[in-house]
Amino acid sequence: MEDDDMKPTRYIPILAAAATALLTASCVKDTLYNTPHPNHGKITVTADWSARGEGIDIPATWTIAMGDYTGTETAATATVAPASGSQTTGTFIDNAPGWFFTHAEQVSIEKDTDYPFTAAMRQQVRELTLVVEPTGDAAHRITEIEASLSGVAGTLDFATDTYGAASNIVLPFTRITSGADAGKWTATVRLLGITGGEQLLTGEIRYADGNPAPTTLESDLTEALAAFNTAKSEPMTLGGTLETPDEVEIRGATISGWEEIDNGEVDADL
């Protein structure tokens with residue numbers, strides 16, 4: 001494209017999401033021909049995937065939008081799909097979205113110039129694992145932990161690095177049956193990020209033969225997840241202690257002492 005009224009330098013926002021990578025942007029005409037395209041600048045974009053997490057494959061394709069050009073249909077907002085199932089309607093979203101990478105940057109382009117440009121792709125989905133160790137008289141009688149987590153981001157505007165309204169996800173707790181962590185319960189999910197003022201784990205614990213009666217569960221993960229939106233290429237594992245009631249108690253349960261497990265490893269044979 002050509003436009004005699006344009007200035008020699010144009011600032012172009014680049015939005016890339018995990019397609020060809022050769023793009024052009026128009027600028028003014030000039031009599032100096034340093035390249036085969038004297039009337040516009042040319043950018044060759046290369047995606048750098050080195051910041052992705054261990055074991056995550058490079059996406060087979062990716063899309064890009066630059067100025068008025070869009071390589072494929074794309075948008076600057078990523079949205080997590082709603083959760084499926086009758087019990088997860090409303091504000092519940094998928095707890096295992098696919099891996100997602102982005103890059104957003106504004107660059108200046110001059111006419112009659114070639115620009116090699118590297119887009120350092122940022123991983124925008126992070127894995128979270130919760131490991132719960134039951135204690136107390138009824139610890140060995142737990143048959144099911146049904147729980148959800150609030151304060152989870154359902155959208156991300158990666159052009160401005162802004163998260164949308166808070167949603168909920170299901171935490172799929174299962175019991176570890178062997179190994180060093182046998183008897184503990186664990187749940188692994190993937191999150192686009194956290195948002196809002198708090199992240200609360202709520203749910204219900206059920207026991208064998210209804211003894212004790214099902215107990216409500218509530219735990220505040222706000223502080224433990226405060227830095228979740230940074231270093232997304234590194235999985236986060238949090239461990240906590242669950243105190244169960246005895247047979248005559250009628251009260252709710254909570255998980256306390258949340259701490260990050262540094263190596264992120266859980267010895268689990270589920």
# chains A, B, ... in the order shown; residues from 1 in each chain; ligands from 1
>>> residues_around(residues="Thr202 in chain A", least_positions_apart="6", cutoff="10 Å", atoms="only C-alpha atoms", output="list in words")
Glu146, Ala147, Ser148, Leu149, Ser150, Val170, Leu171, Thr216, Leu217, Glu218, Ser219, Asp220, Ala253 and Thr254 of chain A
>>> closest_atom_pairs(of="range 119-236 of chain A", to="range 90-99 of chain A", cutoff="6 Å", atoms="only C-alpha atoms", output="Markdown table")
| residue | atom | partner | partner_atom | distance |
| --- | --- | --- | --- | --- |
| A:Val125 | CA | A:Trp99 | CA | 5.7 |
| A:Ser167 | CA | A:Thr91 | CA | 5.2 |
| A:Asn168 | CA | A:Phe92 | CA | 4.5 |
| A:Ile169 | CA | A:Phe92 | CA | 5.3 |
| A:Val189 | CA | A:Asn95 | CA | 5.4 |
| A:Arg190 | CA | A:Ala96 | CA | 4.8 |
>>> write_last_selection(atoms="C-alpha atoms", output="PDB file, in the first residue's frame")
ATOM      1  CA  VAL A 125      -1.557 -20.607  30.921  1.00  0.00           C
ATOM      2  CA  SER A 167     -14.892 -17.042  37.349  1.00  0.00           C
ATOM      3  CA  ASN A 168     -14.889 -20.431  39.093  1.00  0.00           C
ATOM      4  CA  ILE A 169     -13.321 -23.787  38.252  1.00  0.00           C
ATOM      5  CA  VAL A 189      -5.695 -27.623  36.887  1.00  0.00           C
ATOM      6  CA  ARG A 190      -4.574 -25.061  34.309  1.00  0.00           C
TER       7      ARG A 190
END
>>> atom_distance(atom1="CA of Ala119 in chain A", atom2="CA of Phe100 in chain A")
14.5 Å
>>> closest_residue(among="A:Thr118, A:Asn34, A:Thr195, A:Thr135", to="Val152 in chain A", atoms="only C-alpha atoms")
A:Thr195
>>> closest_residue(among="A:Glu54, A:Glu127, A:Glu110, A:Asp161", to="Leu238 in chain A", atoms="only C-alpha atoms")
A:Glu127
>>> atom_distance(atom1="CA of Gln199 in chain A", atom2="CA of His140 in chain A")
27.7 Å
>>> closest_residue(among="A:Val45, A:Ala224, A:Ile194, A:Leu201", to="Ala165 in chain A", atoms="only C-alpha atoms")
A:Ile194
>>> closest_residue(among="A:Val131, A:Leu156, A:Ala81, A:Ile64", to="Met236 in chain A", atoms="only C-alpha atoms")
A:Val131
>>> residues_around(residues="His37 in chain A", least_positions_apart="4", cutoff="9 Å", atoms="only C-alpha atoms", output="list in words")
Tyr33, Gly41, Lys42, Lys111, Asp112, Thr113 and Asp114 of chain A
>>> write_last_selection(atoms="N, CA, C and O atoms", output="JSON list (two decimals), in the first residue's frame")
[["chain", "number", "residue", "atom", "x", "y", "z"],
["A", 33, "TYR", "N", 16.58, 4.00, -3.26],
["A", 33, "TYR", "CA", 16.15, 2.61, -3.32],
["A", 33, "TYR", "C", 17.21, 1.73, -2.68],
["A", 33, "TYR", "O", 18.12, 1.23, -3.34],
["A", 41, "GLY", "N", 8.34, -0.20, 4.41],
["A", 41, "GLY", "CA", 9.22, -1.05, 5.19],
["A", 41, "GLY", "C", 8.72, -2.48, 5.19],
["A", 41, "GLY", "O", 7.54, -2.74, 4.96],
["A", 42, "LYS", "N", 9.62, -3.42, 5.44],
["A", 42, "LYS", "CA", 9.26, -4.83, 5.46],
["A", 42, "LYS", "C", 9.78, -5.47, 6.74],
["A", 42, "LYS", "O", 10.93, -5.30, 7.10],
["A", 111, "LYS", "N", 10.36, 3.57, 5.80],
["A", 111, "LYS", "CA", 10.27, 3.12, 4.41],
["A", 111, "LYS", "C", 11.63, 2.63, 3.92],
["A", 111, "LYS", "O", 12.68, 2.97, 4.47],
["A", 112, "ASP", "N", 11.60, 1.81, 2.92],
["A", 112, "ASP", "CA", 12.80, 1.33, 2.24],
["A", 112, "ASP", "C", 13.78, 0.65, 3.21],
["A", 112, "ASP", "O", 14.99, 0.82, 3.11],
["A", 113, "THR", "N", 13.22, -0.13, 4.16],
["A", 113, "THR", "CA", 14.05, -0.76, 5.17],
["A", 113, "THR", "C", 13.54, -2.16, 5.47],
["A", 113, "THR", "O", 12.34, -2.40, 5.50],
["A", 114, "ASP", "N", 14.48, -3.08, 5.68],
["A", 114, "ASP", "CA", 14.15, -4.44, 6.11],
["A", 114, "ASP", "C", 14.34, -4.54, 7.62],
["A", 114, "ASP", "O", 15.33, -4.06, 8.17]]
>>> select_by_dssp(residues="range 61-256 of chain A", states="helix (DSSP H, G or I)", output="list in words")
Ser86, Gln87, Thr88, Ala139, His140, Arg141, Ala208, Asp209 and Gly210 of chain A
>>> closest_residue(among="A:Arg141, A:Thr177, A:Ala83, A:Met66", to="Val107 in chain A", atoms="only C-alpha atoms")
A:Met66
>>> atom_distance(atom1="CA of Ala213 in chain A", atom2="CA of Pro245 in chain A")
9.6 Å
>>> residues_around(residues="Pro59 in chain A", least_positions_apart="4", cutoff="12 Å", atoms="only C-alpha atoms", output="PyMOL selection string")
chain A and resi 17-19+47-49+52+63+98-102+121+123
>>> residues_around(residues="Tyr207 in chain A", least_positions_apart="2", cutoff="6 Å", atoms="only C-alpha atoms", output="ChimeraX atom specification")
/A:141-143,210-211
>>> write_last_selection(atoms="all heavy atoms", output="mmCIF file, in the first residue's frame")
data_model
loop_
_atom_site.group_PDB
_atom_site.id
_atom_site.type_symbol
_atom_site.label_atom_id
_atom_site.label_comp_id
_atom_site.auth_asym_id
_atom_site.auth_seq_id
_atom_site.Cartn_x
_atom_site.Cartn_y
_atom_site.Cartn_z
ATOM 1 N N ARG A 141 -11.185 -42.055 56.384
ATOM 2 C CA ARG A 141 -12.547 -42.389 55.967
ATOM 3 C C ARG A 141 -13.043 -41.504 54.823
ATOM 4 O O ARG A 141 -14.161 -41.688 54.336
ATOM 5 C CB ARG A 141 -13.496 -42.279 57.163
ATOM 6 C CG ARG A 141 -13.166 -43.236 58.304
ATOM 7 C CD ARG A 141 -14.199 -43.156 59.418
ATOM 8 N NE ARG A 141 -15.537 -43.511 58.929
ATOM 9 C CZ ARG A 141 -15.959 -44.749 58.748
ATOM 10 N NH1 ARG A 141 -15.145 -45.779 59.004
ATOM 11 N NH2 ARG A 141 -17.186 -44.985 58.323
ATOM 12 N N ILE A 142 -12.233 -40.553 54.376
ATOM 13 C CA ILE A 142 -12.655 -39.671 53.282
ATOM 14 C C ILE A 142 -12.814 -40.477 51.999
ATOM 15 O O ILE A 142 -11.914 -41.226 51.595
ATOM 16 C CB ILE A 142 -11.640 -38.536 53.061
ATOM 17 C CG1 ILE A 142 -11.573 -37.627 54.297
ATOM 18 C CG2 ILE A 142 -12.020 -37.703 51.833
ATOM 19 C CD1 ILE A 142 -10.514 -36.541 54.192
ATOM 20 N N THR A 143 -13.957 -40.331 51.362
ATOM 21 C CA THR A 143 -14.198 -41.007 50.083
ATOM 22 C C THR A 143 -14.245 -40.038 48.906
ATOM 23 O O THR A 143 -14.063 -40.439 47.757
ATOM 24 C CB THR A 143 -15.535 -41.780 50.124
ATOM 25 O OG1 THR A 143 -16.603 -40.862 50.409
ATOM 26 C CG2 THR A 143 -15.488 -42.869 51.191
ATOM 27 N N GLY A 210 -21.161 -42.520 55.560
ATOM 28 C CA GLY A 210 -21.747 -41.295 56.095
ATOM 29 C C GLY A 210 -21.310 -40.989 57.510
ATOM 30 O O GLY A 210 -22.016 -40.279 58.243
ATOM 31 N N ASN A 211 -20.135 -41.503 57.912
ATOM 32 C CA ASN A 211 -19.657 -41.331 59.282
ATOM 33 C C ASN A 211 -18.233 -40.763 59.267
ATOM 34 O O ASN A 211 -17.301 -41.458 58.883
ATOM 35 C CB ASN A 211 -19.686 -42.674 60.004
ATOM 36 C CG ASN A 211 -19.242 -42.570 61.461
ATOM 37 O OD1 ASN A 211 -19.267 -41.497 62.046
ATOM 38 N ND2 ASN A 211 -18.839 -43.695 62.024
#
